[in-house]
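Asker: Input data.cif, format and content: mmCIF, C-alpha atoms and all ligand atoms; chains and numbers go by the auth columns.
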```cif
data_data
#
loop_
_atom_site.group_PDB
_atom_site.id
_atom_site.type_symbol
_atom_site.label_atom_id
_atom_site.label_comp_id
_atom_site.label_asym_id
_atom_site.label_seq_id
_atom_site.Cartn_x
_atom_site.Cartn_y
_atom_site.Cartn_z
_atom_site.B_iso_or_equiv
_atom_site.auth_seq_id
_atom_site.auth_asym_id
ATOM 1 C CA MET A 1 1.443 1.245 9.816 0.00 1 Y
ATOM 2 C CA ILE A 2 0.365 2.903 6.578 0.00 2 Y
ATOM 3 C CA GLU A 3 1.818 2.163 3.169 0.00 3 Y
ATOM 4 C CA VAL A 4 0.265 3.940 0.212 0.00 4 Y
ATOM 5 C CA ARG A 5 1.513 3.800 -3.359 0.00 5 Y
ATOM 6 C CA ASN A 6 0.236 5.722 -6.372 0.00 6 Y
ATOM 7 C CA LEU A 7 -3.191 6.110 -4.840 0.00 7 Y
ATOM 8 C CA SER A 8 -5.844 7.945 -6.856 0.00 8 Y
ATOM 9 C CA LYS A 9 -9.565 8.480 -6.526 0.00 9 Y
ATOM 10 C CA SER A 10 -11.888 10.110 -9.005 0.00 10 Y
ATOM 11 C CA TYR A 11 -15.544 10.924 -8.538 0.00 11 Y
ATOM 12 C CA GLY A 12 -16.679 11.140 -12.146 0.00 12 Y
ATOM 13 C CA SER A 13 -14.538 13.845 -13.676 0.00 13 Y
ATOM 14 C CA THR A 14 -13.344 15.147 -10.258 0.00 14 Y
ATOM 15 C CA LYS A 15 -9.887 13.894 -9.391 0.00 15 Y
ATOM 16 C CA ALA A 16 -10.062 14.037 -5.574 0.00 16 Y
ATOM 17 C CA VAL A 17 -6.759 12.229 -4.887 0.00 17 Y
ATOM 18 C CA ASN A 18 -4.060 12.166 -7.524 0.00 18 Y
ATOM 19 C CA ASP A 19 -1.192 9.672 -7.374 0.00 19 Y
ATOM 20 C CA ILE A 20 -0.293 9.896 -3.665 0.00 20 Y
ATOM 21 C CA SER A 21 2.460 7.737 -2.175 0.00 21 Y
ATOM 22 C CA LEU A 22 3.411 7.819 1.499 0.00 22 Y
ATOM 23 C CA SER A 23 4.655 5.654 4.290 0.00 23 Y
ATOM 24 C CA ILE A 24 3.888 6.168 7.987 0.00 24 Y
ATOM 25 C CA GLY A 25 5.634 4.128 10.660 0.00 25 Y
ATOM 26 C CA LYS A 26 4.610 2.989 14.128 0.00 26 Y
ATOM 27 C CA GLY A 27 4.750 5.781 16.701 0.00 27 Y
ATOM 28 C CA GLU A 28 4.642 8.544 14.123 0.00 28 Y
ATOM 29 C CA LEU A 29 2.227 11.442 14.335 0.00 29 Y
ATOM 30 C CA PHE A 30 1.326 12.411 10.784 0.00 30 Y
ATOM 31 C CA GLY A 31 -0.729 15.464 9.860 0.00 31 Y
ATOM 32 C CA LEU A 32 -2.391 15.663 6.454 0.00 32 Y
ATOM 33 C CA LEU A 33 -2.962 19.332 5.694 0.00 33 Y
ATOM 34 C CA GLY A 34 -4.696 20.923 2.720 0.00 34 Y
ATOM 35 C CA PRO A 35 -7.402 23.391 1.741 0.00 35 Y
ATOM 36 C CA ASN A 36 -11.103 22.505 1.590 0.00 36 Y
ATOM 37 C CA GLY A 37 -11.794 19.993 -1.158 0.00 37 Y
ATOM 38 C CA SER A 38 -8.162 18.918 -1.544 0.00 38 Y
ATOM 39 C CA GLY A 39 -8.924 15.255 -0.872 0.00 39 Y
ATOM 40 C CA LYS A 40 -8.083 14.680 2.806 0.00 40 Y
ATOM 41 C CA THR A 41 -11.378 13.009 3.717 0.00 41 Y
ATOM 42 C CA THR A 42 -11.312 10.986 0.502 0.00 42 Y
ATOM 43 C CA MET A 43 -7.833 9.774 1.463 0.00 43 Y
ATOM 44 C CA ILE A 44 -9.031 8.808 4.960 0.00 44 Y
ATOM 45 C CA LYS A 45 -12.073 6.995 3.592 0.00 45 Y
ATOM 46 C CA MET A 46 -9.820 4.910 1.382 0.00 46 Y
ATOM 47 C CA LEU A 47 -7.432 4.149 4.247 0.00 47 Y
ATOM 48 C CA THR A 48 -10.325 2.960 6.400 0.00 48 Y
ATOM 49 C CA GLY A 49 -11.989 0.895 3.710 0.00 49 Y
ATOM 50 C CA GLN A 50 -15.081 3.058 3.337 0.00 50 Y
ATOM 51 C CA ILE A 51 -14.520 3.730 -0.359 0.00 51 Y
ATOM 52 C CA LYS A 52 -12.434 2.008 -2.999 0.00 52 Y
ATOM 53 C CA PRO A 53 -9.609 3.800 -4.764 0.00 53 Y
ATOM 54 C CA THR A 54 -9.752 4.231 -8.523 0.00 54 Y
ATOM 55 C CA SER A 55 -6.179 2.940 -8.634 0.00 55 Y
ATOM 56 C CA GLY A 56 -3.193 2.313 -6.396 0.00 56 Y
ATOM 57 C CA TYR A 57 -2.036 0.135 -3.531 0.00 57 Y
ATOM 58 C CA LEU A 58 -2.706 0.591 0.179 0.00 58 Y
ATOM 59 C CA ARG A 59 -1.864 -1.416 3.252 0.00 59 Y
ATOM 60 C CA VAL A 60 -2.930 -0.348 6.740 0.00 60 Y
ATOM 61 C CA HIS A 61 -1.640 -2.096 9.871 0.00 61 Y
ATOM 62 C CA GLY A 62 -0.253 -4.794 7.601 0.00 62 Y
ATOM 63 C CA VAL A 63 -3.655 -5.471 6.025 0.00 63 Y
ATOM 64 C CA ASP A 64 -4.505 -4.989 2.360 0.00 64 Y
ATOM 65 C CA VAL A 65 -7.491 -2.674 2.744 0.00 65 Y
ATOM 66 C CA LEU A 66 -9.117 -3.775 -0.502 0.00 66 Y
ATOM 67 C CA GLU A 67 -8.916 -7.428 0.496 0.00 67 Y
ATOM 68 C CA ASP A 68 -10.099 -7.072 4.101 0.00 68 Y
ATOM 69 C CA PRO A 69 -11.684 -3.712 4.966 0.00 69 Y
ATOM 70 C CA ILE A 70 -13.482 -5.179 8.002 0.00 70 Y
ATOM 71 C CA ARG A 71 -10.204 -6.295 9.573 0.00 71 Y
ATOM 72 C CA VAL A 72 -8.827 -2.795 9.120 0.00 72 Y
ATOM 73 C CA ARG A 73 -11.800 -1.369 10.984 0.00 73 Y
ATOM 74 C CA GLU A 74 -11.163 -3.810 13.839 0.00 74 Y
ATOM 75 C CA LEU A 75 -7.528 -2.747 14.132 0.00 75 Y
ATOM 76 C CA VAL A 76 -7.778 0.980 13.604 0.00 76 Y
ATOM 77 C CA GLY A 77 -9.552 3.648 15.641 0.00 77 Y
ATOM 78 C CA VAL A 78 -11.401 6.035 13.347 0.00 78 Y
ATOM 79 C CA VAL A 79 -12.946 9.418 14.065 0.00 79 Y
ATOM 80 C CA PRO A 80 -14.817 10.236 10.860 0.00 80 Y
ATOM 81 C CA GLU A 81 -15.467 13.730 9.550 0.00 81 Y
ATOM 82 C CA GLN A 82 -19.247 13.623 9.385 0.00 82 Y
ATOM 83 C CA GLU A 83 -20.739 10.826 11.436 0.00 83 Y
ATOM 84 C CA THR A 84 -22.156 11.445 14.869 0.00 84 Y
ATOM 85 C CA PRO A 85 -23.291 8.822 17.408 0.00 85 Y
ATOM 86 C CA PRO A 86 -26.806 7.403 16.921 0.00 86 Y
ATOM 87 C CA SER A 87 -29.330 9.875 18.323 0.00 87 Y
ATOM 88 C CA PHE A 88 -31.533 7.180 19.918 0.00 88 Y
ATOM 89 C CA LEU A 89 -28.830 5.668 22.157 0.00 89 Y
ATOM 90 C CA THR A 90 -27.416 7.134 25.337 0.00 90 Y
ATOM 91 C CA ALA A 91 -23.697 7.925 25.339 0.00 91 Y
ATOM 92 C CA GLU A 92 -23.036 4.872 27.487 0.00 92 Y
ATOM 93 C CA GLU A 93 -25.205 2.572 25.363 0.00 93 Y
ATOM 94 C CA TYR A 94 -23.290 3.705 22.310 0.00 94 Y
ATOM 95 C CA LEU A 95 -19.882 2.973 23.856 0.00 95 Y
ATOM 96 C CA TYR A 96 -21.105 -0.433 25.058 0.00 96 Y
ATOM 97 C CA PHE A 97 -22.363 -1.127 21.538 0.00 97 Y
ATOM 98 C CA VAL A 98 -18.958 -0.280 20.030 0.00 98 Y
ATOM 99 C CA ALA A 99 -17.180 -2.335 22.715 0.00 99 Y
ATOM 100 C CA LYS A 100 -19.286 -5.375 21.785 0.00 100 Y
ATOM 101 C CA ILE A 101 -18.563 -4.907 18.090 0.00 101 Y
ATOM 102 C CA GLN A 102 -14.862 -4.749 18.965 0.00 102 Y
ATOM 103 C CA LYS A 103 -15.330 -8.013 20.899 0.00 103 Y
ATOM 104 C CA MET A 104 -14.097 -6.442 24.143 0.00 104 Y
ATOM 105 C CA GLU A 105 -14.759 -8.123 27.473 0.00 105 Y
ATOM 106 C CA ASN A 106 -15.362 -6.365 30.792 0.00 106 Y
ATOM 107 C CA TYR A 107 -15.625 -3.059 28.976 0.00 107 Y
ATOM 108 C CA GLU A 108 -17.782 -1.214 31.520 0.00 108 Y
ATOM 109 C CA LYS A 109 -14.830 0.152 33.491 0.00 109 Y
ATOM 110 C CA THR A 110 -12.962 1.108 30.351 0.00 110 Y
ATOM 111 C CA CYS A 111 -15.997 3.059 29.135 0.00 111 Y
ATOM 112 C CA GLU A 112 -16.239 4.747 32.515 0.00 112 Y
ATOM 113 C CA LYS A 113 -12.579 5.736 32.228 0.00 113 Y
ATOM 114 C CA TRP A 114 -13.222 7.488 28.933 0.00 114 Y
ATOM 115 C CA PHE A 115 -16.228 9.384 30.279 0.00 115 Y
ATOM 116 C CA GLU A 116 -14.056 10.557 33.131 0.00 116 Y
ATOM 117 C CA PHE A 117 -11.056 11.396 30.982 0.00 117 Y
ATOM 118 C CA LEU A 118 -13.133 13.392 28.516 0.00 118 Y
ATOM 119 C CA ASP A 119 -15.036 15.052 31.324 0.00 119 Y
ATOM 120 C CA PHE A 120 -18.652 14.162 30.588 0.00 120 Y
ATOM 121 C CA ARG A 121 -19.456 11.324 32.956 0.00 121 Y
ATOM 122 C CA ASP A 122 -22.448 13.308 34.207 0.00 122 Y
ATOM 123 C CA GLN A 123 -23.966 13.009 30.723 0.00 123 Y
ATOM 124 C CA LYS A 124 -23.321 9.339 30.013 0.00 124 Y
ATOM 125 C CA ASN A 125 -27.030 8.535 30.399 0.00 125 Y
ATOM 126 C CA SER A 126 -28.168 11.330 28.086 0.00 126 Y
ATOM 127 C CA LEU A 127 -29.410 10.476 24.618 0.00 127 Y
ATOM 128 C CA CYS A 128 -26.775 11.343 22.020 0.00 128 Y
ATOM 129 C CA LYS A 129 -29.229 13.678 20.307 0.00 129 Y
ATOM 130 C CA ASP A 130 -29.317 15.799 23.464 0.00 130 Y
ATOM 131 C CA LEU A 131 -25.529 16.155 23.767 0.00 131 Y
ATOM 132 C CA SER A 132 -23.760 19.292 22.618 0.00 132 Y
ATOM 133 C CA ARG A 133 -21.837 19.072 19.336 0.00 133 Y
ATOM 134 C CA GLY A 134 -18.487 19.054 21.139 0.00 134 Y
ATOM 135 C CA THR A 135 -19.600 16.361 23.579 0.00 135 Y
ATOM 136 C CA ARG A 136 -20.747 14.194 20.678 0.00 136 Y
ATOM 137 C CA GLN A 137 -17.300 14.691 19.168 0.00 137 Y
ATOM 138 C CA LYS A 138 -15.707 13.589 22.449 0.00 138 Y
ATOM 139 C CA LEU A 139 -17.874 10.463 22.296 0.00 139 Y
ATOM 140 C CA MET A 140 -16.584 9.798 18.780 0.00 140 Y
ATOM 141 C CA PHE A 141 -13.044 10.044 20.174 0.00 141 Y
ATOM 142 C CA ALA A 142 -13.955 7.619 22.953 0.00 142 Y
ATOM 143 C CA GLN A 143 -15.357 5.040 20.524 0.00 143 Y
ATOM 144 C CA ALA A 144 -12.206 5.297 18.396 0.00 144 Y
ATOM 145 C CA PHE A 145 -9.805 4.755 21.303 0.00 145 Y
ATOM 146 C CA LEU A 146 -11.908 2.322 23.337 0.00 146 Y
ATOM 147 C CA HIS A 147 -10.146 -0.836 22.128 0.00 147 Y
ATOM 148 C CA GLU A 148 -6.715 0.840 22.431 0.00 148 Y
ATOM 149 C CA PRO A 149 -5.786 0.647 18.764 0.00 149 Y
ATOM 150 C CA GLU A 150 -2.159 1.026 17.716 0.00 150 Y
ATOM 151 C CA LEU A 151 -3.285 3.289 14.898 0.00 151 Y
ATOM 152 C CA ALA A 152 -5.846 6.087 15.055 0.00 152 Y
ATOM 153 C CA ILE A 153 -7.050 8.003 12.011 0.00 153 Y
ATOM 154 C CA ILE A 154 -8.839 11.226 12.836 0.00 154 Y
ATOM 155 C CA ASP A 155 -10.513 13.511 10.319 0.00 155 Y
ATOM 156 C CA GLU A 156 -10.571 17.138 11.539 0.00 156 Y
ATOM 157 C CA PRO A 157 -9.056 16.305 14.954 0.00 157 Y
ATOM 158 C CA LEU A 158 -9.709 19.672 16.561 0.00 158 Y
ATOM 159 C CA ILE A 159 -13.190 20.424 15.283 0.00 159 Y
ATOM 160 C CA ASN A 160 -15.818 21.366 17.902 0.00 160 Y
ATOM 161 C CA LEU A 161 -13.520 20.663 20.833 0.00 161 Y
ATOM 162 C CA ASP A 162 -12.390 23.041 23.544 0.00 162 Y
ATOM 163 C CA PRO A 163 -8.681 23.845 23.328 0.00 163 Y
ATOM 164 C CA ILE A 164 -8.098 22.624 26.884 0.00 164 Y
ATOM 165 C CA LEU A 165 -9.558 19.781 28.924 0.00 165 Y
ATOM 166 C CA PRO A 166 -9.650 20.239 32.695 0.00 166 Y
ATOM 167 C CA ASP A 167 -6.397 19.154 34.268 0.00 167 Y
ATOM 168 C CA ARG A 168 -6.860 15.979 36.209 0.00 168 Y
ATOM 169 C CA ASP A 169 -4.811 13.423 38.011 0.00 169 Y
ATOM 170 C CA PHE A 170 -5.408 10.654 35.571 0.00 170 Y
ATOM 171 C CA ALA A 171 -3.051 7.789 34.876 0.00 171 Y
ATOM 172 C CA PHE A 172 -4.590 6.181 31.858 0.00 172 Y
ATOM 173 C CA HIS A 173 -2.604 3.017 31.716 0.00 173 Y
ATOM 174 C CA LYS A 174 -2.740 2.212 35.410 0.00 174 Y
ATOM 175 C CA PRO A 175 -5.047 -0.679 36.247 0.00 175 Y
ATOM 176 C CA LEU A 176 -8.410 0.412 37.618 0.00 176 Y
HETATM 177 N N1 LIG B . -19.086 11.337 -2.800 0.00 201 Y
HETATM 178 C C1 LIG B . -18.573 12.275 -3.611 0.00 201 Y
HETATM 179 N N2 LIG B . -19.044 12.429 -4.855 0.00 201 Y
HETATM 180 C C2 LIG B . -18.510 13.339 -5.688 0.00 201 Y
HETATM 181 N N3 LIG B . -17.499 14.162 -5.385 0.00 201 Y
HETATM 182 C C3 LIG B . -16.993 14.054 -4.136 0.00 201 Y
HETATM 183 C C4 LIG B . -17.494 13.107 -3.195 0.00 201 Y
HETATM 184 N N4 LIG B . -16.786 13.228 -2.046 0.00 201 Y
HETATM 185 C C5 LIG B . -15.894 14.210 -2.269 0.00 201 Y
HETATM 186 N N5 LIG B . -16.005 14.696 -3.510 0.00 201 Y
HETATM 187 C C6 LIG B . -15.158 15.744 -4.101 0.00 201 Y
HETATM 188 O O1 LIG B . -13.806 15.352 -3.976 0.00 201 Y
HETATM 189 C C7 LIG B . -12.974 16.456 -3.657 0.00 201 Y
HETATM 190 C C8 LIG B . -12.231 16.194 -2.358 0.00 201 Y
HETATM 191 O O2 LIG B . -13.181 16.195 -1.281 0.00 201 Y
HETATM 192 P P1 LIG B . -12.767 15.824 0.203 0.00 201 Y
HETATM 193 O O3 LIG B . -14.007 15.765 0.998 0.00 201 Y
HETATM 194 O O4 LIG B . -11.911 14.602 0.170 0.00 201 Y
HETATM 195 O O5 LIG B . -11.863 17.082 0.601 0.00 201 Y
HETATM 196 P P2 LIG B . -11.276 17.550 2.011 0.00 201 Y
HETATM 197 O O6 LIG B . -9.819 17.847 1.779 0.00 201 Y
HETATM 198 O O7 LIG B . -11.602 16.543 3.053 0.00 201 Y
HETATM 199 O O8 LIG B . -12.053 18.903 2.258 0.00 201 Y
HETATM 200 P P3 LIG B . -12.480 19.636 3.654 0.00 201 Y
HETATM 201 O O9 LIG B . -11.257 20.326 4.175 0.00 201 Y
HETATM 202 O O10 LIG B . -13.513 20.607 3.219 0.00 201 Y
HETATM 203 O O11 LIG B . -13.020 18.589 4.592 0.00 201 Y
HETATM 204 C C9 LIG B . -13.891 17.687 -3.633 0.00 201 Y
HETATM 205 O O12 LIG B . -13.850 18.293 -4.903 0.00 201 Y
HETATM 206 C C10 LIG B . -15.264 17.064 -3.371 0.00 201 Y
HETATM 207 O O13 LIG B . -16.297 17.876 -3.909 0.00 201 Y
HETATM 208 MG MG MG B . -12.668 16.665 4.814 0.00 202 Y
#
```
Rewrite the structure of this file - the entire thing - as structure tokens.
Answerer:
Amino acid sequence: MIEVRNLSKSYGSTKAVNDISLSIGKGELFGLLGPNGSGKTTMIKMLTGQIKPTSGYLRVHGVDVLEDPIRVRELVGVVPEQETPPSFLTAEEYLYFVAKIQKMENYEKTCEKWFEFLDFRDQKNSLCKDLSRGTRQKLMFAQAFLHEPELAIIDEPLINLDPILPDRDFAFHKPL
């Protein structure tokens, strides 16, 4: 799913990523750990086609990221480090917007499923600017997983979230 060879990125004189090579297969759960400023977000931005490497080779989901960054974004679910959902849309409008970009059909029920799973259906009609930080983060998770990608890339996966979601009888892959 991810093939990286001799990847480097410099911002001026700052070497953020220095000659990284790694290979991550389907079904693997890979954690990239490192102190603040060690280049994790820079690595993720390169993998998801948001910035170009200074040098090196990278393929994600079989796609050369430099050649077709848009295709990578279609295939991969991404929870970025910084971005939050647009303040002027409701949570539901935002998920519908993402579903349309991902060319999904009949997405209303799928969106509903995510609101239920992440336990904030009662706030789906709230403007994103009025959601708590953690709820906005849940919405970012929902947009990443909405189209059921085979690969998800999550920057700071635990930030702002409660350690436990309410237990619920929820079979995600059962038809609605
Ligand atoms: N746009 C930029 N311009 C210049 N320098 C940058 C830029 N983005 C990141 N850097 C620098 O690159 C280095 C790596 O930053 P990066 O954000 O990738 O680290 P990180 O491992 O994600 O850190 P954190 O754990 O704090 O999120 C840091 O020295 C940072 O200051
Ligand atoms: Mg970071």
Asker: For the file shown, what are the residues hit by the PyMOL selection byres (((not hetatm)) within 6 of (chain Y and resi 201)), laid out as a PyMOL selection string?
Answerer: chain Y and resi 11+16+35-42
Asker: Any chance you could export the current selection's C-alpha atoms as a PDB file, in the frame of the given file?
Answerer:
```pdb
ATOM      1  CA  TYR Y  11     -15.544  10.924  -8.538  1.00  0.00           C
ATOM      2  CA  ALA Y  16     -10.062  14.037  -5.574  1.00  0.00           C
ATOM      3  CA  PRO Y  35      -7.402  23.391   1.741  1.00  0.00           C
ATOM      4  CA  ASN Y  36     -11.103  22.505   1.590  1.00  0.00           C
ATOM      5  CA  GLY Y  37     -11.794  19.993  -1.158  1.00  0.00           C
ATOM      6  CA  SER Y  38      -8.162  18.918  -1.544  1.00  0.00           C
ATOM      7  CA  GLY Y  39      -8.924  15.255  -0.872  1.00  0.00           C
ATOM      8  CA  LYS Y  40      -8.083  14.680   2.806  1.00  0.00           C
ATOM      9  CA  THR Y  41     -11.378  13.009   3.717  1.00  0.00           C
ATOM     10  CA  THR Y  42     -11.312  10.986   0.502  1.00  0.00           C
TER      11      THR Y  42
END
```
Asker: So, with only C-alpha atoms and all ligand atoms as the atoms that count, which of Y:Glu92, Y:Glu81, Y:Asp119, Y:Glu67 lies closest to ligand MG 202 (chain Y)?
Answerer: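 Checking each of Y:Glu92, Y:Glu81, Y:Asp119, Y:Glu67 against ligand MG 202 (chain Y), counting only C-alpha atoms and all ligand atoms, the winner is Y:Glu81.
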Asker: Give me the residues within 9 Å of Y:Lys124 as a PDB file with C-alpha atoms, in the frame of the given file, counting all atoms listed in the file and dropping any in the same chain fewer than 6 places off.
Answerer:
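Resulting contents of out.pdb:
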```
ATOM      1  CA  THR Y  90     -27.416   7.134  25.337  1.00  0.00           C
ATOM      2  CA  ALA Y  91     -23.697   7.925  25.339  1.00  0.00           C
ATOM      3  CA  GLU Y  92     -23.036   4.872  27.487  1.00  0.00           C
ATOM      4  CA  GLU Y  93     -25.205   2.572  25.363  1.00  0.00           C
ATOM      5  CA  GLU Y 112     -16.239   4.747  32.515  1.00  0.00           C
ATOM      6  CA  PHE Y 115     -16.228   9.384  30.279  1.00  0.00           C
TER       7      PHE Y 115
END
```
Asker: Using Å and a single decimal, report how far atom CA of Y:Pro86 sits from atom CA of Y:Lys129.
Answerer: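 These two atoms are separated by 7.5 Å.
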Asker: For Y:Arg59, please output as a PyMOL selection string all residues within 6 Å (counting all atoms listed in the file; exclusion window: fewer than 5 positions along the same chain).
Answerer: chain Y and resi 2-3+64-65
Asker: Could you tell me how far atom CA of Y:Thr135 sits from atom CA of Y:Glu105, in Å to one decimal place?
Answerer: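 Computing the Euclidean distance for atom CA of Y:Glu105 and atom CA of Y:Thr135 yields 25.3 Å.
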Asker: Taking 2 positions as the minimum chain separation for residues in the same chain, which residues sit within 9 Å of Y:Gly134 when counting all atoms listed in the file? Answer as a list in words.
Answerer: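 What passes the distance filter is Leu131, Ser132, Arg136, Gln137, Lys138, Leu139, Ile159, Asn160, Leu161 and Asp162 of chain Y.
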Asker: Quick one: apply the PyMOL selection byres (((chain Y and resi 102) around 12) and not hetatm) to the file and drop the selected residues here as a PyMOL selection string.
Answerer: chain Y and resi 70-77+95-101+103-107+143-149
Asker: Measuring atom to atom with only C-alpha atoms and all ligand atoms, identify which of Y:Val79, Y:Leu89, Y:Leu22, Y:Met1 is nearest to ligand MG 202 (chain Y).
Answerer: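 Among the listed residues, the smallest separation from ligand MG 202 (chain Y) belongs to Y:Val79.
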Asker: Using only C-alpha atoms, which protein or nucleic acid residues come within 6 Å of stretch 17-21 of chain Y? Drop anything in the same chain fewer than 5 positions from it, and give the result as an NGL selection string.
Answerer: :Y and (4-9 or 39)
Asker: Report, in Å with one decimal, the straight-line distance from atom CA of Y:Ile44 to atom CA of Y:Pro157.
Answerer: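 Here the two named atoms are 12.5 Å from each other.
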Asker: Taking all atoms listed in the file into account, which of Y:Ile154, Y:Ala142, Y:Leu47, Y:Val78 comes nearest ligand MG 202 (chain Y)?
Answerer: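 Using all atoms listed in the file, ligand MG 202 (chain Y) sits closest to Y:Ile154.
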Asker: Restricting the calculation to only C-alpha atoms and all ligand atoms, which member of Y:Ile164, Y:Ile51, Y:Leu66, Y:Leu33 is positioned closest to ligand MG 202 (chain Y)?
Answerer: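 Closest to ligand MG 202 (chain Y) of all the choices is Y:Leu33.
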Asker: Name the closest residue to Y:Met140 among the candidates Y:Pro80, Y:Leu158, Y:Leu58, Y:Glu116; distances are taken between atoms, counting all atoms listed in the file.
Answerer: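 Of the candidates, the smallest distance to Y:Met140 is held by Y:Pro80.
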Asker: Looking at Y:Phe141, Y:Tyr94, Y:Lys109, Y:Ser55, which one is nearest to Y:Ile153, with distances taken over only C-alpha atoms?
Answerer: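 Of Y:Phe141, Y:Tyr94, Y:Lys109, Y:Ser55, the one nearest Y:Ile153 is Y:Phe141, counting only C-alpha atoms.
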